[in-house]
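Just start.txt here, compact mmCIF, C-alpha atoms:
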# COMPACT_ATOMS: atom_id res chain seq x y z
CA MET A 1 -31.24 -8.27 -29.34
CA GLU A 2 -31.68 -7.04 -25.77
CA THR A 3 -28.16 -8.26 -24.89
CA ARG A 4 -26.71 -6.34 -27.84
CA GLU A 5 -28.54 -3.16 -26.73
CA TRP A 6 -27.00 -3.49 -23.27
CA ALA A 7 -23.56 -4.07 -24.83
CA MET A 8 -23.98 -0.92 -26.95
CA GLN A 9 -24.94 1.10 -23.86
CA ASP A 10 -21.81 -0.15 -22.12
CA PHE A 11 -19.77 0.85 -25.14
CA TYR A 12 -21.23 4.38 -25.29
CA LEU A 13 -20.53 4.85 -21.57
CA LEU A 14 -16.99 3.59 -22.04
CA ARG A 15 -16.40 5.85 -25.05
CA ARG A 16 -17.50 8.84 -22.98
CA ASP A 17 -15.18 7.83 -20.12
CA VAL A 18 -12.25 7.42 -22.54
CA GLU A 19 -12.90 10.86 -24.05
CA THR A 20 -13.07 12.44 -20.57
CA SER A 21 -9.84 10.74 -19.44
CA SER A 22 -8.00 11.67 -22.65
CA LYS A 23 -9.00 15.31 -22.22
CA ARG A 24 -7.84 15.20 -18.63
CA VAL A 25 -4.46 13.76 -19.71
CA GLU A 26 -4.02 16.59 -22.23
CA GLU A 27 -4.81 19.21 -19.57
CA ILE A 28 -2.42 17.69 -17.03
CA ARG A 29 0.40 17.37 -19.56
CA ALA A 30 -0.11 21.01 -20.59
CA SER A 31 -0.23 22.35 -17.01
CA ALA A 32 2.81 20.27 -15.97
CA GLY A 33 5.02 22.23 -18.42
CA LEU A 34 6.50 19.25 -20.26
CA LYS A 35 8.80 21.42 -22.40
CA GLN A 36 10.26 23.09 -19.30
CA LEU A 37 10.70 19.69 -17.63
CA GLU A 38 12.70 18.42 -20.61
CA GLU A 39 14.92 21.54 -20.47
CA ASP A 40 15.41 21.00 -16.72
CA LEU A 41 16.36 17.38 -17.41
CA SER A 42 19.06 18.46 -19.91
CA ASP A 43 20.47 21.01 -17.43
CA LEU A 44 20.57 18.50 -14.58
CA GLU A 45 22.16 15.77 -16.74
CA ARG A 46 24.79 18.27 -17.86
CA ALA A 47 25.50 19.18 -14.21
CA ALA A 48 25.75 15.50 -13.21
CA ALA A 49 28.27 14.85 -15.98
CA ASP A 50 30.59 17.62 -14.77
CA GLY A 51 34.05 16.38 -13.70
CA PHE A 52 33.82 18.31 -10.40
CA PHE A 53 30.30 17.07 -9.64
CA TRP A 54 31.22 15.09 -6.51
CA ASP A 55 33.45 17.77 -4.97
CA ASP A 56 30.41 19.00 -3.05
CA ARG A 57 28.78 15.73 -1.94
CA ILE A 58 25.63 17.24 -0.39
CA LYS A 59 24.94 19.41 -3.46
CA ALA A 60 25.61 16.40 -5.72
CA GLN A 61 23.04 14.28 -3.84
CA GLN A 62 20.48 17.10 -4.09
CA THR A 63 21.12 17.36 -7.85
CA LEU A 64 20.68 13.60 -8.32
CA MET A 65 17.42 13.66 -6.35
CA ALA A 66 16.15 16.52 -8.51
CA LEU A 67 17.26 14.63 -11.64
CA ASN A 68 15.36 11.51 -10.59
CA ASP A 69 12.28 13.60 -9.74
CA VAL A 70 12.23 15.21 -13.19
CA LYS A 71 12.81 11.82 -14.91
CA ASP A 72 9.96 10.24 -12.91
CA LYS A 73 7.62 13.12 -13.74
CA ILE A 74 8.38 12.98 -17.48
CA LYS A 75 7.91 9.18 -17.49
CA LEU A 76 4.56 9.50 -15.71
CA LEU A 77 3.32 12.09 -18.19
CA HIS A 78 4.46 9.83 -21.06
CA ASP A 79 2.74 6.81 -19.50
CA PHE A 80 -0.51 8.78 -19.11
CA LYS A 81 -0.50 9.54 -22.85
CA VAL A 82 0.24 5.91 -23.79
CA GLN A 83 -2.60 4.59 -21.58
CA ALA A 84 -5.07 7.12 -23.00
CA GLU A 85 -4.05 6.19 -26.57
CA ASP A 86 -4.41 2.46 -25.79
CA ALA A 87 -7.99 3.03 -24.56
CA GLU A 88 -8.78 5.21 -27.61
CA THR A 89 -7.47 2.48 -29.94
CA ILE A 90 -9.80 -0.09 -28.38
CA VAL A 91 -12.76 2.29 -28.83
CA LYS A 92 -11.89 2.82 -32.51
CA LEU A 93 -11.48 -0.92 -33.08
CA THR A 94 -14.87 -1.57 -31.48
CA GLU A 95 -16.52 1.05 -33.70
CA GLU A 96 -15.16 -0.76 -36.78
CA MET A 97 -16.21 -4.24 -35.65
CA GLU A 98 -19.56 -5.82 -36.55
CA SER A 99 -20.01 -7.28 -33.08
CA ILE A 100 -18.91 -5.99 -29.68
CA ASP A 101 -16.02 -7.80 -28.03
CA GLY A 102 -16.73 -7.87 -24.29
CA ALA A 103 -13.13 -8.75 -23.42
CA LEU A 104 -11.85 -5.70 -25.32
CA LEU A 105 -14.33 -3.43 -23.54
CA GLU A 106 -13.25 -4.89 -20.21
CA GLU A 107 -9.60 -4.21 -21.05
CA ALA A 108 -10.36 -0.58 -21.97
CA ALA A 109 -12.44 -0.10 -18.81
CA THR A 110 -9.54 -1.40 -16.69
CA ILE A 111 -7.10 0.95 -18.45
CA VAL A 112 -9.39 3.94 -17.81
CA LYS A 113 -9.90 3.00 -14.16
CA GLU A 114 -6.16 2.65 -13.49
CA LEU A 115 -5.39 5.79 -15.52
CA ASN A 116 -7.84 7.89 -13.49
CA LYS A 117 -6.36 6.60 -10.23
CA ALA A 118 -2.86 7.51 -11.45
CA LEU A 119 -4.06 10.98 -12.55
CA ASP A 120 -5.67 11.56 -9.14
CA ARG A 121 -2.41 10.61 -7.46
CA PHE A 122 -0.37 12.85 -9.78
CA GLU A 123 -2.65 15.82 -9.07
CA LEU A 124 -2.24 15.23 -5.35
CA THR A 125 1.56 15.28 -5.59
CA GLN A 126 1.34 18.71 -7.23
CA LEU A 127 -0.14 20.00 -3.95
CA LEU A 128 2.89 18.75 -2.02
CA SER A 129 5.78 21.19 -1.76
CA GLY A 130 7.16 20.70 1.75
CA PRO A 131 10.85 19.80 2.16
CA TYR A 132 10.03 16.31 3.51
CA ASP A 133 6.84 15.52 1.55
CA LYS A 134 8.59 13.05 -0.77
CA GLU A 135 9.87 10.93 2.13
CA GLY A 136 8.46 7.86 3.83
CA ALA A 137 6.53 8.28 7.07
CA VAL A 138 6.62 7.19 10.71
CA ILE A 139 3.23 7.12 12.46
CA TYR A 140 2.95 7.14 16.26
CA ILE A 141 -0.44 6.09 17.64
CA THR A 142 -1.24 6.67 21.32
CA ALA A 143 -4.44 5.75 23.18
CA GLY A 144 -5.93 8.82 24.85
CA ALA A 145 -8.93 9.48 27.11
CA GLY A 146 -11.39 6.60 27.31
CA GLY A 147 -9.64 3.72 29.09
CA THR A 148 -9.98 0.27 27.50
CA ASP A 149 -12.23 1.70 24.78
CA ALA A 150 -9.50 4.17 23.81
CA GLN A 151 -6.91 1.38 23.67
CA ASP A 152 -9.22 -0.68 21.43
CA TRP A 153 -9.76 2.43 19.27
CA ALA A 154 -5.98 2.90 18.96
CA ASP A 155 -5.75 -0.70 17.71
CA MET A 156 -8.48 -0.02 15.13
CA LEU A 157 -6.55 3.03 13.89
CA LEU A 158 -3.39 0.94 13.69
CA ARG A 159 -5.14 -1.52 11.36
CA MET A 160 -6.64 1.34 9.32
CA TYR A 161 -3.27 2.94 8.57
CA VAL A 162 -1.58 -0.40 7.88
CA ARG A 163 -4.36 -1.18 5.38
CA TRP A 164 -3.93 2.26 3.78
CA GLY A 165 -0.18 1.66 3.37
CA GLU A 166 -0.76 -1.77 1.84
CA LYS A 167 -3.29 -0.38 -0.63
CA GLN A 168 -0.72 2.20 -1.78
CA ARG A 169 1.74 -0.70 -2.24
CA TYR A 170 4.09 0.90 0.25
CA ARG A 171 6.37 -1.18 2.47
CA THR A 172 4.44 -1.01 5.75
CA ARG A 173 5.79 -2.34 9.07
CA VAL A 174 4.50 -2.17 12.63
CA VAL A 175 7.86 -1.74 14.38
CA GLU A 176 6.65 -1.26 17.94
CA LYS A 177 3.43 -2.08 19.79
CA SER A 178 2.58 -1.80 23.50
CA LEU A 179 -0.46 -3.93 24.34
CA GLY A 180 -3.31 -2.73 26.56
CA GLU A 181 -4.18 -4.48 29.83
CA GLU A 182 -7.57 -5.81 28.67
CA ALA A 183 -7.70 -5.13 24.93
CA GLY A 184 -6.21 -3.01 22.18
CA ILE A 185 -2.93 -1.13 22.45
CA LYS A 186 -1.49 1.68 24.52
CA SER A 187 0.74 2.78 21.66
CA ALA A 188 2.24 1.66 18.35
CA THR A 189 4.73 2.83 15.75
CA ILE A 190 4.33 2.20 12.01
CA GLU A 191 7.03 2.79 9.41
CA ILE A 192 5.74 3.35 5.87
CA GLU A 193 8.39 3.39 3.15
CA GLY A 194 7.31 4.88 -0.14
CA ARG A 195 7.47 8.04 -2.19
CA TYR A 196 5.28 10.88 -0.84
CA ALA A 197 4.04 8.81 2.12
CA TYR A 198 4.84 11.65 4.53
CA GLY A 199 3.26 14.26 2.27
CA TYR A 200 0.02 12.30 2.11
CA LEU A 201 -0.09 11.38 5.79
CA SER A 202 1.16 14.59 7.45
CA GLY A 203 -2.42 15.90 7.63
CA GLU A 204 -3.46 12.85 9.69
CA LYS A 205 -1.60 14.27 12.69
CA GLY A 206 -3.97 15.09 15.52
CA THR A 207 -6.67 13.59 17.70
CA HIS A 208 -9.14 11.05 16.28
CA ARG A 209 -12.46 10.68 18.15
CA ILE A 210 -14.79 7.67 18.09
CA VAL A 211 -18.40 7.49 19.31
CA ARG A 212 -19.90 4.00 19.56
CA GLN A 213 -21.68 1.49 21.77
CA SER A 214 -18.91 0.21 23.99
CA PRO A 215 -18.13 -3.52 23.56
CA PHE A 216 -16.51 -3.35 27.01
CA ASN A 217 -19.61 -2.11 28.82
CA ALA A 218 -22.22 -4.69 29.92
CA LYS A 219 -25.02 -2.17 29.35
CA GLY A 220 -23.76 -1.29 25.87
CA LEU A 221 -23.73 2.41 26.67
CA ARG A 222 -22.52 4.95 24.15
CA GLN A 223 -18.86 5.73 24.72
CA THR A 224 -16.63 8.51 23.39
CA SER A 225 -12.90 7.73 23.14
CA PHE A 226 -9.82 9.40 21.73
CA SER A 227 -6.49 8.41 20.23
CA GLY A 228 -3.65 10.69 19.17
CA LEU A 229 -1.57 10.46 15.99
CA GLU A 230 1.81 11.97 15.30
CA VAL A 231 3.40 11.73 11.86
CA MET A 232 7.08 12.26 11.13
CA PRO A 233 9.10 11.84 7.92
CA LEU A 234 11.19 8.69 7.65
CA LEU A 235 14.52 10.35 6.92
CA PRO A 236 17.78 8.56 6.06
CA ASP A 237 20.41 9.27 8.74
CA GLU A 238 22.81 10.83 6.24
CA SER A 239 20.18 13.37 5.15
CA ILE A 240 19.56 14.74 8.66
CA ASP A 241 21.86 17.74 8.89
CA LEU A 242 21.33 18.54 12.57
CA GLU A 243 23.59 18.35 15.60
CA ILE A 244 22.07 18.44 19.09
CA PRO A 245 24.41 19.22 22.02
CA GLU A 246 24.65 16.27 24.44
CA GLU A 247 23.70 18.49 27.39
CA GLU A 248 20.31 19.21 25.75
CA LEU A 249 19.37 15.53 25.78
CA GLU A 250 17.93 13.49 28.62
CA ILE A 251 18.32 9.78 27.89
CA SER A 252 16.63 7.08 29.96
CA PHE A 253 16.46 3.31 29.57
CA SER A 254 13.77 0.79 30.46
CA ARG A 255 12.73 -2.75 29.75
CA ALA A 256 10.97 -3.28 26.43
CA GLY A 257 7.44 -4.62 26.81
CA GLY A 258 5.67 -7.06 24.51
CA LYS A 259 5.97 -10.65 23.33
CA GLY A 260 8.92 -12.58 22.01
CA GLY A 261 12.67 -12.60 22.42
CA GLN A 262 14.52 -13.78 25.50
CA ASN A 263 15.79 -10.25 26.17
CA VAL A 264 12.29 -8.81 26.49
CA ASN A 265 11.51 -7.61 30.03
CA LYS A 266 14.97 -8.77 31.23
CA VAL A 267 17.39 -6.26 29.73
CA GLU A 268 16.87 -2.47 29.59
CA THR A 269 16.92 -2.13 25.79
CA ALA A 270 14.11 0.46 25.39
CA VAL A 271 15.37 4.02 25.02
CA ARG A 272 13.59 7.33 25.62
CA ILE A 273 15.27 10.57 24.58
CA THR A 274 13.91 13.97 25.61
CA HIS A 275 15.02 17.25 24.07
CA ILE A 276 15.21 19.31 27.27
CA PRO A 277 14.72 22.83 25.79
CA THR A 278 11.42 21.88 24.09
CA GLY A 279 10.27 18.88 26.13
CA ILE A 280 9.84 16.88 22.94
CA ALA A 281 10.48 13.17 23.48
CA VAL A 282 10.67 9.96 21.46
CA ARG A 283 10.85 6.33 22.54
CA CYS A 284 12.30 3.40 20.65
CA THR A 285 11.90 -0.25 21.64
CA GLU A 286 11.93 -2.28 18.44
CA GLU A 287 15.66 -3.04 18.16
CA ARG A 288 17.30 -5.82 20.17
CA SER A 289 20.10 -3.74 21.64
CA GLN A 290 20.15 -0.57 23.69
CA LEU A 291 22.67 1.05 21.34
CA ALA A 292 20.59 0.37 18.21
CA ASN A 293 17.48 1.78 19.92
CA LYS A 294 19.42 4.86 21.02
CA ILE A 295 20.65 5.53 17.44
CA LYS A 296 17.14 5.11 16.00
CA ALA A 297 15.52 7.22 18.74
CA LEU A 298 18.02 10.04 18.16
CA SER A 299 17.35 9.92 14.42
CA ARG A 300 13.59 10.14 15.00
CA LEU A 301 14.02 13.00 17.48
CA LYS A 302 16.03 14.97 14.92
CA ALA A 303 13.38 14.35 12.25
CA LYS A 304 10.67 15.46 14.66
CA LEU A 305 12.52 18.67 15.56
CA LEU A 306 13.19 19.50 11.90
CA VAL A 307 9.53 19.06 10.96
CA ILE A 308 8.23 21.13 13.87
CA ALA A 309 10.78 23.84 13.08
CA GLU A 310 9.47 23.88 9.49
CA GLU A 311 5.83 24.02 10.67
CA GLN A 312 6.58 26.88 13.07
CA ARG A 313 8.81 28.68 10.56
CA ALA A 314 11.60 28.69 13.13
CA SER A 315 15.06 29.55 11.82
CA ALA A 316 16.76 27.52 14.56
CA ILE A 317 15.82 24.51 16.67
CA LYS A 318 16.14 26.58 19.86
CA GLU A 319 13.25 28.79 18.66
CA ILE A 320 10.66 26.03 18.46
CA ARG A 321 8.15 25.31 21.20
CA GLY A 322 7.04 21.91 22.42
CA ASP A 323 4.50 20.34 20.10
CA SER A 324 2.44 17.37 21.21
CA VAL A 325 -0.93 15.87 20.31
CA LYS A 326 -3.44 15.91 23.18
CA ALA A 327 -5.82 13.00 22.67
CA GLU A 328 -8.83 14.48 24.44
CA TRP A 329 -12.13 16.35 23.97
CA GLY A 330 -12.02 19.52 21.89
CA GLN A 331 -8.75 18.60 20.12
CA GLN A 332 -10.08 16.21 17.47
CA ILE A 333 -9.37 16.63 13.75
CA ARG A 334 -11.82 13.88 12.73
CA ASN A 335 -14.88 12.24 14.22
CA TYR A 336 -15.84 8.60 13.60
CA ILE A 337 -19.48 8.03 14.60
CA PHE A 338 -20.57 4.38 14.78
CA HIS A 339 -23.71 5.01 16.89
CA PRO A 340 -26.52 6.18 16.74
CA TYR A 341 -25.72 6.68 13.01
CA LYS A 342 -22.69 6.07 10.83
CA LEU A 343 -20.53 9.02 9.77
CA VAL A 344 -16.87 9.95 9.44
CA LYS A 345 -16.33 13.72 9.29
CA ASP A 346 -13.15 15.78 9.13
CA VAL A 347 -13.52 18.81 11.39
CA ARG A 348 -11.07 20.93 9.35
CA THR A 349 -12.28 20.36 5.78
CA GLY A 350 -15.89 19.37 6.39
CA PHE A 351 -15.44 16.31 4.16
CA GLU A 352 -17.63 13.42 5.32
CA THR A 353 -18.84 9.96 4.36
CA SER A 354 -21.29 7.45 5.82
CA ASP A 355 -19.21 4.51 4.49
CA ILE A 356 -17.39 3.99 7.78
CA VAL A 357 -16.54 0.36 6.98
CA SER A 358 -14.43 1.34 3.94
CA VAL A 359 -12.69 4.11 5.91
CA MET A 360 -11.70 1.69 8.67
CA ASP A 361 -10.39 -0.63 5.93
CA GLY A 362 -7.93 2.06 4.81
CA GLU A 363 -9.96 4.04 2.23
CA LEU A 364 -8.51 7.38 3.34
CA ASP A 365 -7.65 8.97 0.00
CA PRO A 366 -10.78 11.19 -0.19
CA PHE A 367 -9.93 12.63 3.26
CA ILE A 368 -6.26 13.05 2.35
CA LYS A 369 -7.16 14.76 -0.94
CA ALA A 370 -9.65 17.10 0.78
CA TYR A 371 -7.09 18.08 3.42
CA LEU A 372 -4.28 18.72 0.92
CA ARG A 373 -6.59 20.99 -1.10
CA TYR A 374 -7.71 22.74 2.08
CA LYS A 375 -4.10 23.24 3.17
CA TYR A 376 -3.08 24.48 -0.30
CA SER A 377 -5.96 26.99 -0.39
CA ALA A 378 -5.09 28.22 3.12
CA THR A 379 -1.43 28.67 2.11
CA MET A 380 -2.38 30.59 -1.05
CA ALA A 381 -4.76 32.79 0.96
CA ALA A 382 -2.01 33.53 3.49
CA VAL A 383 0.40 34.44 0.71
CA GLY A 384 -2.26 36.70 -0.81
CA ILE A 385 -2.77 38.49 2.50
CA LYS A 386 0.95 39.16 2.80

Using structure tokens, write down the structure from this file.
Amino acid sequence: METREWAMQDFYLLRRDVETSSKRVEEIRASAGLKQLEEDLSDLERAAADGFFWDDRIKAQQTLMALNDVKDKIKLLHDFKVQAEDAETIVKLTEEMESIDGALLEEAATIVKELNKALDRFELTQLLSGPYDKEGAVIYITAGAGGTDAQDWADMLLRMYVRWGEKQRYRTRVVEKSLGEEAGIKSATIEIEGRYAYGYLSGEKGTHRIVRQSPFNAKGLRQTSFSGLEVMPLLPDESIDLEIPEEELEISFSRAGGKGGQNVNKVETAVRITHIPTGIAVRCTEERSQLANKIKALSRLKAKLLVIAEEQRASAIKEIRGDSVKAEWGQQIRNYIFHPYKLVKDVRTGFETSDIVSVMDGELDPFIKAYLRYKYSATMAAVGIK
């Protein structure tokens, strides 16, 4: 009897969750303007079927991207409705049955959990409107002030962002890593391929500060260290419509550091390109040839300049100013306190959690969501002022 009472309680909780999720699906489908989306789809399909469609190749590619976006959005909204209806059907079946089927309840609970995660993600994408938000991302991590502790901290951040990428089921690769003398890393580059990766991660740019008992200090004294993050969109070469005059580039070559490969530390394959007018520089070491590294470094430099121009509302590259992350005191966007208490707090949004273990294992979505909402509110306020 007691077991049945517990099963009924589980069922009532589940029924409430299903009702809440179904209502949420209805609200999202209504606010997304499904009817308008279907009209947009018809217009775009008509344009793509035009006999002169490919006469303007760039415009054609933009139209196809827009077409795919609308198709994806409509499919998502349809899938949300199907999942909600599946969960509702299980609830109705359970109400009609004489005994409660635990396996059915488990199936409905899984549907609701996955549905809510998908709805959260969909709502986040509605806050993304930047020109590069739908692209993949390149993360540059650099150890800042704090010596060996800072290099170890940079390595911890590297793992955190790799774990985040894996949890999103994005293709995540560490393409370059420069090891520290004693521990950790001096720098690293991660490429994350997946839709909206840049939009989600762009707010992670800045200085990340850790406070902890140093594992590299015999007395175990409290140590404050910093690491800097830069985030750029992972843009296909053909989509980067930017030409930089050769005389504005300073290109230098060096030997690539790290393990593996008979060319390492023997041939100058590493490439560093500096945009002289702004002082903005990128380095590429992961390819095996100097030429391949030069091509990739130039592509990343262009992406970096385009993003900074967008951030600074510059109408031309020559108008932008140098933009670099200073990994030092007073510049942090987020604090990670391991000692004397446990707390991760974003300086900009005020969002915080004491579950530092989960954060370091890649559970960054609450921070990302809080920042995107903060950024959206700030943008709306600025528009209102104008």

For the interface of region 55-88 of chain A with region 22-34 of chain A (cut-off 7 Å, counting only C-alpha atoms), please tabulate each contacting residue of region 55-88 of chain A alongside its nearest pair of atoms and their separation in Å to one decimal, rows sorted by chain and increasing number, as JSON lines.
{"residue": "A:Leu77", "atom": "CA", "partner": "A:Arg29", "partner_atom": "CA", "distance": 6.2}
{"residue": "A:Phe80", "atom": "CA", "partner": "A:Val25", "partner_atom": "CA", "distance": 6.4}
{"residue": "A:Lys81", "atom": "CA", "partner": "A:Val25", "partner_atom": "CA", "distance": 6.6}
{"residue": "A:Ala84", "atom": "CA", "partner": "A:Ser22", "partner_atom": "CA", "distance": 5.4}

Dump C-alpha atoms for the selected residues as a PDB file, keeping the file's coordinate frame?
ATOM      1  CA  LEU A  77       3.320  12.090 -18.190  1.00  0.00           C
ATOM      2  CA  PHE A  80      -0.510   8.780 -19.110  1.00  0.00           C
ATOM      3  CA  LYS A  81      -0.500   9.540 -22.850  1.00  0.00           C
ATOM      4  CA  ALA A  84      -5.070   7.120 -23.000  1.00  0.00           C
TER       5      ALA A  84
END

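Separating CA of Pro215 (chain A) from CA of Glu363 (chain A) is a distance of 24.1 Å.
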
- Item | Residue contacts of Thr353 (chain A) (9 Å, only C-alpha atoms) excluding same-chain residues fewer than 3 positions away, as a list in words |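 Near neighbours after the sequence-gap exclusion: Lys342, Leu343, Val344, Lys345, Ile356 and Val359 of chain A.
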
- Item | Residue contacts of region 242-254 of chain A (7 Å, all atoms listed in the file) excluding same-chain residues fewer than 6 positions away, as a list in words | Glu268, Thr269, Ala270, Val271, Arg272, Ile273, Thr274, His275, Ile276, Pro277 and Lys302 of chain A

- Query: Pick from A:Asp50, A:Glu107, A:Asp152, A:Glu114: nearest to Ala87 (chain A), with only C-alpha atoms counted?
  - Reply: A:Glu107

- Provide the CA of Glu191 (chain A) to CA of Arg173 (chain A) distance in Å, to one decimal place. 5.3 Å

Please report as JSON lines every residue of region 32-134 of chain A lying within 7 Å of region 199-202 of chain A, along with the nearest atom pair and their distance in Å (one decimal), using all atoms listed in the file.
{"residue": "A:Leu128", "atom": "CA", "partner": "A:Gly199", "partner_atom": "CA", "distance": 6.2}
{"residue": "A:Asp133", "atom": "CA", "partner": "A:Gly199", "partner_atom": "CA", "distance": 3.9}
{"residue": "A:Lys134", "atom": "CA", "partner": "A:Gly199", "partner_atom": "CA", "distance": 6.3}

- Find, counting all atoms listed in the file, the residue in A:Met156, A:Leu229, A:Leu14, A:Ala292 that gets nearest to Glu95 (chain A).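 Among the listed residues, A:Leu14 lies closest to Glu95 (chain A).
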
- Excluding Pro366 (chain A) and residues on its chain fewer than 5 positions from it, collect all residues at most 12 Å away from it, counting only C-alpha atoms, and give them as a list of chain:residue names. A:Lys117, A:Asp120, A:Arg121, A:Leu124, A:Trp164, A:Tyr200, A:Val344, A:Lys345, A:Asp346, A:Thr349, A:Gly350, A:Phe351, A:Glu352, A:Thr353, A:Asp355, A:Ser358, A:Val359, A:Tyr371, A:Leu372, A:Arg373

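Near Val231 (chain A), within a cut-off of 10 Å and counting only C-alpha atoms, sit the residues Ala137, Val138, Ile139, Tyr140, Ile141, Thr189, Ile190, Glu191, Tyr198, Gly199, Leu201, Ser202, Gly203, Glu204, Lys205, Gly206, Lys304 and Val307 of chain A, with same-chain residues fewer than 4 positions away left out.
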